[in-house]
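**Q** Quick one: structure below, then a few questions.
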Amino acid sequence: MSAQLRIENLRAWYGAAQVLHGVNLCIGDGEAVALVGRNGSGRSTLAKAIMGLVRCEGEMRYRDVALVGLRPHRIARLGIGYVPETRDVFPALTVRENLVLGERKGSRFTLRDACRLFPVLEERASVRAGALSGGEQQMLALARTLAGDPSLVVIDEPGEGLAPQVLAQVATCLATLRERGVAMLLIEERLTIARRLDARVAVMGHGAIRFDGALGALAADERVMRDWLSIG
């Protein structure tokens, strides 16, 4: 499997505070990778580094294009979508207006696709995004990102605060994306969606990758589970 995203010895900072200490990670074409770790391990910082939102150094290439130093809009145009933990919808705009803003001409994912994946968005099309529930905003943020036709999606805690029924809808959407060949980096705490996607698992601790392999191999690695993940 060829590497769509290759990260080598990546370091990142917030001001003078270094958060990433030499991250190495590859994501292949159409592959799903779940990034797990304790709070403060650097997972969200890695997502922001990929999108050019924090200062970083090292090697990071997407389809042989160097990402370090590129502005976020340039990175997005290369085909990387980002759904942050904060969701970041435009609260004063309607659901339909949010989706139209994210739409890219010739996208494989149309507004009709969004409504088929998340029927509630069609029902709430004229409602301002700020009036949506947290689950509805998550669906809208994901649908708007897909309208930009990404080949790789970075998704930070898609299930955070969602009811089980809504979480199941989000998981179904992501499974559909994988069937369509979209690669994804999924930051998740409980691996609920990762299991559904049969994702490879990378464990982050103290700003570096401490394990990278199959979910079954992770479960069998007592040292990694003890040292880098919360148990119980």
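In the structure tokens, chains take letters A, B, ... by order of appearance, with residues numbered from 1 within each chain and ligands from 1 in the order shown.
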For the alpha helix (DSSP H) assignment from backbone DSSP, which residues of segment 96-196 of chain A qualify? Please present them as a ChimeraX atom specification.

**A** /A:96-102,111-117,119-123,134-146,164-179,192-196

**Q** Pull the strand (DSSP E or B) assignments for segment 48-80 of chain A out of DSSP run on the backbone, and list those residues as a list in words.

**A**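 Of segment 48-80 of chain A, the ones in strand (DSSP E or B) are Arg55, Cys56, Glu57, Gly58, Glu59, Met60, Arg61, Tyr62, Val65, Ala66 and Ile80 of chain A.
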
**Q** If you count only C-alpha atoms, which residues fall within 12 Å of segment 113-119 of chain A, apart from same-chain ones fewer than 3 positions away, as a ChimeraX atom specification?

**A** /A:95-96,98-100,102-103,107-110,122-125,135-149,166-177

**Q** Would you pick out the contacts of Ala199 of chain A at 8 Å or less, using only C-alpha atoms, so that residues sharing its chain but fewer than 5 positions from it are not included, and give the list as an NGL selection string?

**A** :A and (31-34 or 194 or 214-215)

**Q** Pick out the closest residue to Leu152 of chain A from this set: A:Val182, A:Leu20, A:Leu67, A:Leu25. Count only C-alpha atoms.

**A**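 Going through A:Val182, A:Leu20, A:Leu67, A:Leu25 one by one, the smallest distance to Leu152 of chain A is for A:Val182.
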
**Q** Tell me, as a PyMOL selection string, which residues lie within 6 Å of Val154 of chain A, counting only C-alpha atoms; anything in the same chain fewer than 3 positions away does not count.

**A** chain A and resi 82+184-185

**Q** Applying 12 Å and only C-alpha atoms, which residues near Arg61 of chain A remain after dropping the ones on its own chain fewer than 4 positions away? List them as number ranges by chain.

**A** A: 3-10, 24-27, 49-51, 65-70, 75, 78, 80

**Q** What lies within 7 Å of Leu229 of chain A using only C-alpha atoms, ignoring chain neighbours under 5 positions off, as number ranges by chain?

**A** A: 37-38, 224

**Q** For Ser126 of chain A, which of A:Asp212, A:Leu93, A:Arg55, A:Gly40 is the closest residue, counting only C-alpha atoms?

**A**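 Of A:Asp212, A:Leu93, A:Arg55, A:Gly40, the one nearest Ser126 of chain A, counting only C-alpha atoms, is A:Leu93.
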
**Q** Considering only C-alpha atoms, can you say which of A:Leu197, A:Ala12, A:Ala76, A:Met225 comes closest to Glu57 of chain A?

**A** A:Ala12

**Q** Which residue out of A:Gly159, A:Gly30, A:Gly15, A:Gly58 has the minimum interatomic distance to Thr86 of chain A when only C-alpha atoms are used?

**A**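 Using only C-alpha atoms, the shortest distance to Thr86 of chain A belongs to A:Gly159.
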
**Q** Taking only C-alpha atoms into account, name the residue in A:Val153, A:Asp227, A:His73, A:Ile187 that is nearest to His206 of chain A.

**A**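 Closest to His206 of chain A, using only C-alpha atoms: A:Asp227.
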
**Q** Interatomic distance between atom CA of Cys56 of chain A and atom CA of Pro72 of chain A?

**A** 13.1 Å

**Q** Please measure the separation of atom CA of Ala47 of chain A and atom CA of Arg128 of chain A, giving the value in Å to one decimal.

**A** 27.7 Å

**Q** Counting only C-alpha atoms, which residue out of A:Val89, A:Ala220, A:Ala202, A:Ala131 sits closest to Leu35 of chain A?

**A**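 Closest residue, counting only C-alpha atoms: A:Ala202.
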